[in-house]
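*Asks:* What follows is a structure written as structure tokens; I'll ask about it next.
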Amino acid sequence: MAPPSVIFAGSHPIALPLLQRLYDRHQTGQLRLAGIISQPDRLSGRGKSMTPTILSQWAMEHNISLHRPEKPDESTVTWLKERSCKLLLVMAYGHMIGKTIRELPPLGIFNFHASLLPRFRGATPIEAALASGIEETGVTLMKIIREMDAGDTLGSISAPIAFHDTQTELTDKLSHAACSLCESFLPQLLSGNIICIPQPNEGISFCRKLEASDRFLDFHIPAEVLHRRIRALTPRPGCVFEIGNHVFKIRSIDLDPSGFHSKTPGTLLKLTGSNAALVAGDGKALLLKEIQAPGKPFLPIADFLRGHELPWGMISTSHPMKPLEHTSFPF
RNA sequence: CGCAGGGUGGAGCAGUCUGGUAGCUCGUCAGGCUCAUAACCUGAAGGUCCUAGGUUCAAAUCCUAGCCCUGCAC
């Protein structure tokens, strides 16, 4: 019997290892990777040229059929039928998928979601998990239904959040967790003998999309919370502090263990050696490890201070910060 | 041709507008001081000022073209 035809939908780089894993199975004949759905090319990068998603690029390099609709629509239905799609797998695709398409593949449609559901449903589970302060998150494999990230789950795999993890590190862990998860459940998925359970009604939460204003910080909150928030938003969109007309982007920070400062929250402190810190709401400080001036590269703070002056003692502007996690939907 | 900033010894920057001896904070090396040090003192090495043309008595600086880097946006 010919291997089942599988279509993969994804846009974000986090899904690339999973796609590669599916391709490995394709080459060993366990399945047939019949095509990839990704978001359309966007104007991006310097020069604003049309740039395909990383998964689109991968598809072109591996000569896999590629479909890039603005949103999944009738053309997508046709495209799936042409490839006699038996199973549709999704990770970080970026669009809701309508009923017609959901009901098309005989083996079903499943999503790899980067959280331990039912917590952190929605667009930014990695960021929200980092900001929340929990020490463990994961990837969940679930059926796709009408309601966002609410389908019955087949299983999940967890990954620890280390104290210094940013999006980069955590995304990498979850990216590979998704591979393991796929490994465990691919036989079930391909056979159609699915064992899944409903998500609990307790512990549901949602995370919103990020917006440009999320880069700003409120220094009235405790250092530990700020530390998590900054790691959650690094490198994208990246957090900044602004003093007067100067804006500095933060790439890397640490909690200053040296104690308490009775200074206004947001005060920029010059510490011994080539160290700089920002005072938070609880009097603890955040060590600046790596920052960036406009139009300049990121620099370790010691290097930065060799060529730049910082407005010592001045106070960074605080902006209210919208929560990343919500207990109800819509927000 | 989306907008904007930048490229100067090993690192980070000033100097460019107004052309005229390559400068600052560090690092490196040598010596000194010190119980000692990432501290201090003295000295030294280290440069195609991104590239290629042009203007000029003279270009890091002005003109033209190109390469590379960074931010905005998604």
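Chain identifiers are assigned as A, B, and so on, following the order in which chains appear in the structure tokens; residues are numbered from 1 within each chain, and ligands are numbered from 1 in order of appearance.
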Could you list, as a PyMOL selection string, the residues of chain B having an atom within 12 Å of chain A when counting only C-alpha atoms (C1' of nucleotides)?

*Replies:* chain B and resi 1-7+11-14+24-27+38-39+69-74

*Asks:* What would the file look like if the residues just selected were written as an mmCIF file, in the first residue's frame with C-alpha atoms (C1' of nucleotides)?

*Replies:*
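Result written to result-v9.cif:
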data_model
loop_
_atom_site.group_PDB
_atom_site.id
_atom_site.type_symbol
_atom_site.label_atom_id
_atom_site.label_comp_id
_atom_site.auth_asym_id
_atom_site.auth_seq_id
_atom_site.Cartn_x
_atom_site.Cartn_y
_atom_site.Cartn_z
ATOM 1 C "C1'" C B 1 14.657 52.264 -6.225
ATOM 2 C "C1'" G B 2 10.230 51.970 1.435
ATOM 3 C "C1'" C B 3 12.546 55.111 5.665
ATOM 4 C "C1'" A B 4 16.772 56.061 8.719
ATOM 5 C "C1'" G B 5 21.921 55.415 11.042
ATOM 6 C "C1'" G B 6 26.799 53.490 10.278
ATOM 7 C "C1'" G B 7 32.045 51.344 8.206
ATOM 8 C "C1'" A B 11 37.543 46.318 20.913
ATOM 9 C "C1'" G B 12 34.300 50.694 21.327
ATOM 10 C "C1'" C B 13 34.167 55.722 19.597
ATOM 11 C "C1'" A B 14 35.688 61.224 18.171
ATOM 12 C "C1'" C B 24 40.087 59.427 22.814
ATOM 13 C "C1'" U B 25 38.685 55.324 26.335
ATOM 14 C "C1'" C B 26 40.487 50.394 26.568
ATOM 15 C "C1'" G B 27 43.292 46.057 25.084
ATOM 16 C "C1'" A B 38 40.941 43.928 36.793
ATOM 17 C "C1'" A B 39 44.729 49.542 40.648
ATOM 18 C "C1'" C B 69 26.655 46.246 8.775
ATOM 19 C "C1'" U B 70 22.360 48.169 12.069
ATOM 20 C "C1'" G B 71 17.325 49.869 13.329
ATOM 21 C "C1'" C B 72 12.054 50.616 11.756
ATOM 22 C "C1'" A B 73 8.195 47.082 9.436
ATOM 23 C "C1'" C B 74 6.220 41.782 9.246
#

*Asks:* Would you list, as a ChimeraX atom specification, the residues of segment 92-321 of chain A that end up in alpha helix (DSSP H) under DSSP run on this structure's backbone?

*Replies:* /A:99-102,125-132,167-191,223-232,301-307

*Asks:* Next, write the just-selected residues to a file, as a short mmCIF file (atom, residue, chain, number, x, y, z; two decimals), in the first residue's frame, keeping N, CA and C atoms as the atom set.

*Replies:*
data_model
loop_
_atom_site.label_atom_id
_atom_site.label_comp_id
_atom_site.auth_asym_id
_atom_site.auth_seq_id
_atom_site.Cartn_x
_atom_site.Cartn_y
_atom_site.Cartn_z
N LYS A 99 -13.74 25.08 8.44
CA LYS A 99 -14.39 23.78 8.57
C LYS A 99 -14.18 22.89 7.34
N THR A 100 -14.34 23.48 6.16
CA THR A 100 -14.22 22.69 4.93
C THR A 100 -12.89 21.98 4.87
N ILE A 101 -11.85 22.71 5.21
CA ILE A 101 -10.52 22.11 5.16
C ILE A 101 -10.33 21.13 6.30
N ARG A 102 -10.84 21.49 7.47
CA ARG A 102 -10.69 20.59 8.63
C ARG A 102 -11.31 19.22 8.36
N PRO A 125 2.43 31.52 22.94
CA PRO A 125 2.58 30.68 24.14
C PRO A 125 3.99 30.70 24.71
N ILE A 126 4.98 30.85 23.88
CA ILE A 126 6.36 30.84 24.36
C ILE A 126 6.65 32.10 25.16
N GLU A 127 6.29 33.24 24.61
CA GLU A 127 6.48 34.51 25.29
C GLU A 127 5.71 34.53 26.61
N ALA A 128 4.47 34.09 26.56
CA ALA A 128 3.63 34.14 27.76
C ALA A 128 4.17 33.20 28.84
N ALA A 129 4.66 32.05 28.42
CA ALA A 129 5.20 31.11 29.40
C ALA A 129 6.45 31.68 30.06
N LEU A 130 7.31 32.28 29.29
CA LEU A 130 8.52 32.89 29.85
C LEU A 130 8.16 34.00 30.83
N ALA A 131 7.21 34.83 30.44
CA ALA A 131 6.85 35.97 31.29
C ALA A 131 6.14 35.52 32.56
N SER A 132 5.49 34.37 32.51
CA SER A 132 4.69 33.93 33.66
C SER A 132 5.55 33.45 34.82
N GLN A 167 13.33 33.80 24.32
CA GLN A 167 12.62 33.16 23.21
C GLN A 167 13.52 32.22 22.44
N THR A 168 14.73 32.65 22.19
CA THR A 168 15.63 31.87 21.35
C THR A 168 15.86 30.48 21.91
N GLU A 169 16.24 30.42 23.18
CA GLU A 169 16.56 29.12 23.79
C GLU A 169 15.31 28.27 23.94
N LEU A 170 14.24 28.89 24.40
CA LEU A 170 13.02 28.11 24.64
C LEU A 170 12.40 27.62 23.34
N THR A 171 12.43 28.47 22.34
CA THR A 171 11.92 28.07 21.04
C THR A 171 12.68 26.85 20.53
N ASP A 172 13.96 26.87 20.72
CA ASP A 172 14.79 25.76 20.28
C ASP A 172 14.40 24.46 21.00
N LYS A 173 14.22 24.57 22.31
CA LYS A 173 13.82 23.37 23.07
C LYS A 173 12.48 22.83 22.60
N LEU A 174 11.53 23.74 22.42
CA LEU A 174 10.18 23.31 22.06
C LEU A 174 10.15 22.79 20.63
N SER A 175 10.98 23.39 19.83
CA SER A 175 11.09 22.95 18.45
C SER A 175 11.48 21.48 18.38
N HIS A 176 12.42 21.11 19.24
CA HIS A 176 12.87 19.72 19.25
C HIS A 176 11.91 18.82 20.02
N ALA A 177 11.24 19.41 21.02
CA ALA A 177 10.21 18.64 21.72
C ALA A 177 9.12 18.22 20.74
N ALA A 178 8.80 19.11 19.83
CA ALA A 178 7.78 18.80 18.83
C ALA A 178 8.19 17.61 17.98
N CYS A 179 9.46 17.51 17.70
CA CYS A 179 9.97 16.37 16.92
C CYS A 179 9.75 15.06 17.67
N SER A 180 10.10 15.09 18.97
CA SER A 180 9.93 13.89 19.78
C SER A 180 8.45 13.50 19.86
N LEU A 181 7.63 14.52 20.02
CA LEU A 181 6.20 14.28 20.11
C LEU A 181 5.68 13.64 18.82
N CYS A 182 6.15 14.17 17.73
CA CYS A 182 5.77 13.65 16.42
C CYS A 182 6.21 12.19 16.30
N GLU A 183 7.44 11.95 16.72
CA GLU A 183 8.00 10.61 16.70
C GLU A 183 7.08 9.61 17.43
N SER A 184 6.62 10.03 18.62
CA SER A 184 5.80 9.15 19.45
C SER A 184 4.43 8.87 18.83
N PHE A 185 3.87 9.87 18.18
CA PHE A 185 2.47 9.73 17.78
C PHE A 185 2.27 9.53 16.28
N LEU A 186 3.34 9.56 15.53
CA LEU A 186 3.18 9.43 14.08
C LEU A 186 2.49 8.11 13.69
N PRO A 187 2.86 6.99 14.34
CA PRO A 187 2.16 5.75 13.99
C PRO A 187 0.65 5.85 14.17
N GLN A 188 0.23 6.40 15.30
CA GLN A 188 -1.20 6.62 15.53
C GLN A 188 -1.81 7.48 14.44
N LEU A 189 -1.13 8.59 14.15
CA LEU A 189 -1.67 9.53 13.18
C LEU A 189 -1.81 8.89 11.81
N LEU A 190 -0.82 8.10 11.43
CA LEU A 190 -0.83 7.52 10.09
C LEU A 190 -1.82 6.36 10.00
N SER A 191 -2.06 5.69 11.11
CA SER A 191 -2.99 4.56 11.08
C SER A 191 -4.43 5.01 11.24
N ALA A 223 11.89 43.57 40.07
CA ALA A 223 12.97 43.24 39.14
C ALA A 223 12.79 41.85 38.53
N GLU A 224 12.37 40.92 39.37
CA GLU A 224 12.25 39.55 38.88
C GLU A 224 11.20 39.44 37.77
N VAL A 225 10.11 40.16 37.94
CA VAL A 225 9.05 40.14 36.93
C VAL A 225 9.53 40.81 35.64
N LEU A 226 10.25 41.92 35.79
CA LEU A 226 10.80 42.60 34.62
C LEU A 226 11.79 41.71 33.89
N HIS A 227 12.59 41.03 34.67
CA HIS A 227 13.58 40.12 34.11
C HIS A 227 12.91 39.08 33.22
N ARG A 228 11.83 38.52 33.73
CA ARG A 228 11.09 37.51 32.94
C ARG A 228 10.46 38.14 31.71
N ARG A 229 9.88 39.32 31.90
CA ARG A 229 9.21 39.99 30.79
C ARG A 229 10.20 40.28 29.66
N ILE A 230 11.36 40.76 30.04
CA ILE A 230 12.36 41.10 29.04
C ILE A 230 12.83 39.84 28.31
N ARG A 231 13.06 38.77 29.08
CA ARG A 231 13.48 37.52 28.41
C ARG A 231 12.38 37.01 27.48
N ALA A 232 11.14 37.24 27.89
CA ALA A 232 10.01 36.78 27.06
C ALA A 232 9.96 37.53 25.75
N ILE A 301 28.09 45.47 27.60
CA ILE A 301 28.04 46.77 28.26
C ILE A 301 29.44 47.38 28.40
N ALA A 302 30.44 46.54 28.66
CA ALA A 302 31.80 47.07 28.84
C ALA A 302 32.31 47.70 27.55
N ASP A 303 32.07 47.05 26.44
CA ASP A 303 32.46 47.61 25.15
C ASP A 303 31.69 48.88 24.85
N PHE A 304 30.40 48.82 25.15
CA PHE A 304 29.54 49.97 24.90
C PHE A 304 30.08 51.21 25.60
N LEU A 305 30.50 51.04 26.85
CA LEU A 305 30.92 52.18 27.66
C LEU A 305 32.27 52.76 27.23
N ARG A 306 33.02 52.04 26.44
CA ARG A 306 34.30 52.59 25.96
C ARG A 306 34.08 53.72 24.98
N GLY A 307 32.95 53.65 24.28
CA GLY A 307 32.74 54.68 23.26
C GLY A 307 31.52 55.54 23.47
#

*Asks:* Do you know which residues are at most 9 Å from Ala150 of chain A counting only C-alpha atoms (C1' of nucleotides), after dropping those on the same chain fewer than 2 positions away, and could you put them as a PDB file with N, CA, C and O atoms, in the first residue's frame?

*Replies:*
ATOM      1  N   LEU A 117      -1.199  22.502  27.052  1.00  0.00           N
ATOM      2  CA  LEU A 117      -2.607  22.915  27.067  1.00  0.00           C
ATOM      3  C   LEU A 117      -3.319  22.298  28.267  1.00  0.00           C
ATOM      4  O   LEU A 117      -2.905  21.239  28.736  1.00  0.00           O
ATOM      5  N   PRO A 118      -4.326  23.000  28.815  1.00  0.00           N
ATOM      6  CA  PRO A 118      -5.050  24.116  28.197  1.00  0.00           C
ATOM      7  C   PRO A 118      -4.491  25.502  28.516  1.00  0.00           C
ATOM      8  O   PRO A 118      -5.101  26.489  28.138  1.00  0.00           O
ATOM      9  N   ARG A 121      -3.304  29.004  25.366  1.00  0.00           N
ATOM     10  CA  ARG A 121      -3.855  28.907  24.018  1.00  0.00           C
ATOM     11  C   ARG A 121      -3.578  30.228  23.296  1.00  0.00           C
ATOM     12  O   ARG A 121      -3.536  31.286  23.922  1.00  0.00           O
ATOM     13  N   MET A 142      -2.656  18.113  19.297  1.00  0.00           N
ATOM     14  CA  MET A 142      -4.117  18.147  19.466  1.00  0.00           C
ATOM     15  C   MET A 142      -4.833  18.191  18.138  1.00  0.00           C
ATOM     16  O   MET A 142      -4.264  18.556  17.113  1.00  0.00           O
ATOM     17  N   LYS A 143      -6.080  17.801  18.211  1.00  0.00           N
ATOM     18  CA  LYS A 143      -6.954  17.944  17.048  1.00  0.00           C
ATOM     19  C   LYS A 143      -7.247  19.418  16.835  1.00  0.00           C
ATOM     20  O   LYS A 143      -7.373  20.173  17.799  1.00  0.00           O
ATOM     21  N   ILE A 144      -7.381  19.810  15.587  1.00  0.00           N
ATOM     22  CA  ILE A 144      -7.795  21.179  15.322  1.00  0.00           C
ATOM     23  C   ILE A 144      -9.310  21.215  15.182  1.00  0.00           C
ATOM     24  O   ILE A 144      -9.888  20.458  14.404  1.00  0.00           O
ATOM     25  N   ILE A 145      -9.929  22.083  16.004  1.00  0.00           N
ATOM     26  CA  ILE A 145     -11.370  22.268  15.917  1.00  0.00           C
ATOM     27  C   ILE A 145     -11.666  23.736  15.691  1.00  0.00           C
ATOM     28  O   ILE A 145     -10.746  24.541  15.532  1.00  0.00           O
ATOM     29  N   ARG A 146     -12.937  24.072  15.692  1.00  0.00           N
ATOM     30  CA  ARG A 146     -13.320  25.444  15.396  1.00  0.00           C
ATOM     31  C   ARG A 146     -12.711  26.426  16.404  1.00  0.00           C
ATOM     32  O   ARG A 146     -12.190  27.470  16.038  1.00  0.00           O
ATOM     33  N   GLU A 147     -12.764  26.010  17.676  1.00  0.00           N
ATOM     34  CA  GLU A 147     -12.282  26.887  18.729  1.00  0.00           C
ATOM     35  C   GLU A 147     -10.754  26.829  18.799  1.00  0.00           C
ATOM     36  O   GLU A 147     -10.165  25.748  18.713  1.00  0.00           O
ATOM     37  N   MET A 148     -10.137  27.976  18.992  1.00  0.00           N
ATOM     38  CA  MET A 148      -8.678  28.053  18.907  1.00  0.00           C
ATOM     39  C   MET A 148      -7.969  27.211  19.977  1.00  0.00           C
ATOM     40  O   MET A 148      -8.181  27.404  21.168  1.00  0.00           O
ATOM     41  N   ASP A 152      -9.264  18.140  21.324  1.00  0.00           N
ATOM     42  CA  ASP A 152      -8.814  17.012  22.140  1.00  0.00           C
ATOM     43  C   ASP A 152      -7.332  16.754  21.906  1.00  0.00           C
ATOM     44  O   ASP A 152      -6.823  16.910  20.800  1.00  0.00           O
ATOM     45  N   THR A 153      -6.660  16.341  22.973  1.00  0.00           N
ATOM     46  CA  THR A 153      -5.210  16.162  22.876  1.00  0.00           C
ATOM     47  C   THR A 153      -4.821  14.690  22.780  1.00  0.00           C
ATOM     48  O   THR A 153      -5.436  13.833  23.402  1.00  0.00           O
ATOM     49  N   PRO A 198     -10.306  14.976  25.929  1.00  0.00           N
ATOM     50  CA  PRO A 198     -10.659  16.401  25.957  1.00  0.00           C
ATOM     51  C   PRO A 198      -9.723  17.162  26.879  1.00  0.00           C
ATOM     52  O   PRO A 198      -9.182  16.593  27.833  1.00  0.00           O
ATOM     53  N   GLN A 199      -9.558  18.424  26.602  1.00  0.00           N
ATOM     54  CA  GLN A 199      -8.759  19.254  27.500  1.00  0.00           C
ATOM     55  C   GLN A 199      -9.545  19.532  28.782  1.00  0.00           C
ATOM     56  O   GLN A 199     -10.768  19.603  28.752  1.00  0.00           O
TER      57      GLN A 199
END

*Asks:* Residues within 8 Å of Gln30 of chain A, please, as a VMD selection string. Count only C-alpha atoms (C1' of nucleotides); anything in the same chain fewer than 3 positions from it doesn't count.

*Replies:* chain A and resid 3 to 4 25 to 27

*Asks:* Go ahead and save the picked residues with all heavy atoms, as a PDB file, in the first residue's frame.

*Replies:*
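The new file selection_16.pdb reads:
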ATOM      1  N   PRO A   3       2.303   4.826   0.824  1.00  0.00           N
ATOM      2  CA  PRO A   3       2.306   5.585   2.081  1.00  0.00           C
ATOM      3  C   PRO A   3       1.307   6.738   2.017  1.00  0.00           C
ATOM      4  O   PRO A   3       1.093   7.301   0.953  1.00  0.00           O
ATOM      5  CB  PRO A   3       3.747   6.093   2.183  1.00  0.00           C
ATOM      6  CG  PRO A   3       4.314   5.990   0.818  1.00  0.00           C
ATOM      7  CD  PRO A   3       3.593   4.894   0.124  1.00  0.00           C
ATOM      8  N   PRO A   4       0.701   7.055   3.158  1.00  0.00           N
ATOM      9  CA  PRO A   4      -0.313   8.112   3.190  1.00  0.00           C
ATOM     10  C   PRO A   4       0.276   9.478   2.834  1.00  0.00           C
ATOM     11  O   PRO A   4       1.409   9.782   3.195  1.00  0.00           O
ATOM     12  CB  PRO A   4      -0.807   8.106   4.643  1.00  0.00           C
ATOM     13  CG  PRO A   4      -0.064   7.052   5.350  1.00  0.00           C
ATOM     14  CD  PRO A   4       0.956   6.460   4.466  1.00  0.00           C
ATOM     15  N   ARG A  25      10.904  10.825   7.330  1.00  0.00           N
ATOM     16  CA  ARG A  25       9.943   9.724   7.216  1.00  0.00           C
ATOM     17  C   ARG A  25       9.476   9.566   5.775  1.00  0.00           C
ATOM     18  O   ARG A  25       9.171   8.473   5.314  1.00  0.00           O
ATOM     19  CB  ARG A  25       8.739   9.976   8.130  1.00  0.00           C
ATOM     20  CG  ARG A  25       9.093   9.971   9.602  1.00  0.00           C
ATOM     21  CD  ARG A  25       9.540   8.559  10.029  1.00  0.00           C
ATOM     22  NE  ARG A  25      10.117   8.589  11.359  1.00  0.00           N
ATOM     23  CZ  ARG A  25      11.405   8.810  11.598  1.00  0.00           C
ATOM     24  NH1 ARG A  25      12.251   9.034  10.592  1.00  0.00           N
ATOM     25  NH2 ARG A  25      11.867   8.814  12.829  1.00  0.00           N
ATOM     26  N   HIS A  26       9.422  10.678   5.097  1.00  0.00           N
ATOM     27  CA  HIS A  26       9.081  10.671   3.676  1.00  0.00           C
ATOM     28  C   HIS A  26      10.122   9.872   2.893  1.00  0.00           C
ATOM     29  O   HIS A  26       9.798   9.041   2.053  1.00  0.00           O
ATOM     30  CB  HIS A  26       9.021  12.119   3.177  1.00  0.00           C
ATOM     31  CG  HIS A  26       9.003  12.282   1.686  1.00  0.00           C
ATOM     32  ND1 HIS A  26       7.833  12.241   0.949  1.00  0.00           N
ATOM     33  CD2 HIS A  26      10.008  12.499   0.792  1.00  0.00           C
ATOM     34  CE1 HIS A  26       8.118  12.414  -0.341  1.00  0.00           C
ATOM     35  NE2 HIS A  26       9.434  12.586  -0.462  1.00  0.00           N
ATOM     36  N   GLN A  27      11.367  10.112   3.256  1.00  0.00           N
ATOM     37  CA  GLN A  27      12.439   9.440   2.504  1.00  0.00           C
ATOM     38  C   GLN A  27      12.531   7.961   2.827  1.00  0.00           C
ATOM     39  O   GLN A  27      12.993   7.170   2.003  1.00  0.00           O
ATOM     40  CB  GLN A  27      13.773  10.135   2.790  1.00  0.00           C
ATOM     41  CG  GLN A  27      13.830  11.512   2.153  1.00  0.00           C
ATOM     42  CD  GLN A  27      15.209  12.125   2.213  1.00  0.00           C
ATOM     43  OE1 GLN A  27      15.802  12.209   3.284  1.00  0.00           O
ATOM     44  NE2 GLN A  27      15.719  12.555   1.074  1.00  0.00           N
TER      45      GLN A  27
END

*Asks:* Tell me which protein, DNA and RNA residues are within 12 Å of C17 of chain B, counting only C-alpha atoms (C1' of nucleotides), leaving out same-chain ones fewer than 2 positions away, and put them as an MDAnalysis selection string.

*Replies:* chainID B and resid 15 19 61:62

*Asks:* Residues at most 12 Å from His67 of chain A, counting only C-alpha atoms (C1' of nucleotides), excluding those fewer than 6 positions away in the same chain, as a list of chain:residue names?

*Replies:*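 Residues meeting the cut-off are A:Ile7, A:Phe8, A:Ala9, A:Gly10, A:Ser11, A:Ala34, A:Gly35, A:Ile36, A:Ile37, A:Ser38, A:Gln39, A:Pro40, A:Asp41, A:Pro52, A:Thr53, A:Leu55, A:Ser56, A:Gln57, A:Ala59, A:Met60, A:Asp73, A:Ser75, A:Thr76, A:Val77, A:Thr78, A:Trp79, A:Leu80, A:Glu82, A:Arg83.
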
*Asks:* Please list as a PDB file with N, CA and C atoms (P, O5', C5', C4', C3', O3' and C1' of nucleotides), in the first residue's frame every residue within 12 Å of segment 30-34 of chain B, counting only C-alpha atoms (C1' of nucleotides) and excluding residues in the same chain fewer than 6 positions away.

*Replies:*
ATOM      1  P     C B  40      44.142  52.427  36.891  1.00  0.00           P
ATOM      2  O5'   C B  40      45.425  52.961  37.659  1.00  0.00           O
ATOM      3  C5'   C B  40      45.336  54.077  38.532  1.00  0.00           C
ATOM      4  C4'   C B  40      46.703  54.444  39.043  1.00  0.00           C
ATOM      5  C3'   C B  40      47.730  54.800  37.968  1.00  0.00           C
ATOM      6  O3'   C B  40      47.606  56.140  37.538  1.00  0.00           O
ATOM      7  C1'   C B  40      48.701  53.300  39.519  1.00  0.00           C
ATOM      8  P     C B  41      48.065  56.558  36.068  1.00  0.00           P
ATOM      9  O5'   C B  41      49.649  56.510  36.148  1.00  0.00           O
ATOM     10  C5'   C B  41      50.359  57.449  36.942  1.00  0.00           C
ATOM     11  C4'   C B  41      51.837  57.234  36.809  1.00  0.00           C
ATOM     12  C3'   C B  41      52.366  57.168  35.383  1.00  0.00           C
ATOM     13  O3'   C B  41      52.547  58.446  34.814  1.00  0.00           O
ATOM     14  C1'   C B  41      53.280  55.384  36.643  1.00  0.00           C
ATOM     15  P     U B  42      52.467  58.658  33.252  1.00  0.00           P
ATOM     16  O5'   U B  42      53.788  57.936  32.736  1.00  0.00           O
ATOM     17  C5'   U B  42      55.069  58.460  33.076  1.00  0.00           C
ATOM     18  C4'   U B  42      56.157  57.607  32.480  1.00  0.00           C
ATOM     19  C3'   U B  42      56.026  57.307  30.995  1.00  0.00           C
ATOM     20  O3'   U B  42      56.458  58.373  30.178  1.00  0.00           O
ATOM     21  C1'   U B  42      56.585  55.316  32.152  1.00  0.00           C
ATOM     22  P     G B  43      55.796  58.572  28.769  1.00  0.00           P
ATOM     23  O5'   G B  43      56.378  57.348  27.935  1.00  0.00           O
ATOM     24  C5'   G B  43      57.739  57.343  27.530  1.00  0.00           C
ATOM     25  C4'   G B  43      58.139  55.983  27.027  1.00  0.00           C
ATOM     26  C3'   G B  43      57.473  55.500  25.744  1.00  0.00           C
ATOM     27  O3'   G B  43      58.013  56.087  24.579  1.00  0.00           O
ATOM     28  C1'   G B  43      57.524  53.740  27.319  1.00  0.00           C
ATOM     29  P     A B  44      57.132  56.148  23.260  1.00  0.00           P
ATOM     30  O5'   A B  44      57.109  54.620  22.789  1.00  0.00           O
ATOM     31  C5'   A B  44      58.310  53.973  22.373  1.00  0.00           C
ATOM     32  C4'   A B  44      58.035  52.532  22.035  1.00  0.00           C
ATOM     33  C3'   A B  44      57.048  52.310  20.899  1.00  0.00           C
ATOM     34  O3'   A B  44      57.658  52.409  19.635  1.00  0.00           O
ATOM     35  C1'   A B  44      56.523  50.885  22.726  1.00  0.00           C
ATOM     36  P     A B  45      56.766  52.790  18.356  1.00  0.00           P
ATOM     37  O5'   A B  45      56.135  51.373  17.961  1.00  0.00           O
ATOM     38  C5'   A B  45      56.981  50.262  17.653  1.00  0.00           C
ATOM     39  C4'   A B  45      56.176  48.988  17.689  1.00  0.00           C
ATOM     40  C3'   A B  45      55.005  48.953  16.716  1.00  0.00           C
ATOM     41  O3'   A B  45      55.413  48.528  15.428  1.00  0.00           O
ATOM     42  C1'   A B  45      54.280  48.268  18.861  1.00  0.00           C
TER      43        A B  45
END

*Asks:* Can you pull out every residue from segment 165-246 of chain A that DSSP, working from the backbone, puts in strand (DSSP E), and format the result as a list in words?

*Replies:*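 In segment 165-246 of chain A, DSSP puts these residues in strand (DSSP E): Phe206, Cys207, Cys239, Val240, Phe241, Glu242, Ile243 and His246 of chain A.
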
*Asks:* How many Å separate atom CA of Arg119 of chain A from atom CA of Ile204 of chain A?

*Replies:* 4.8 Å
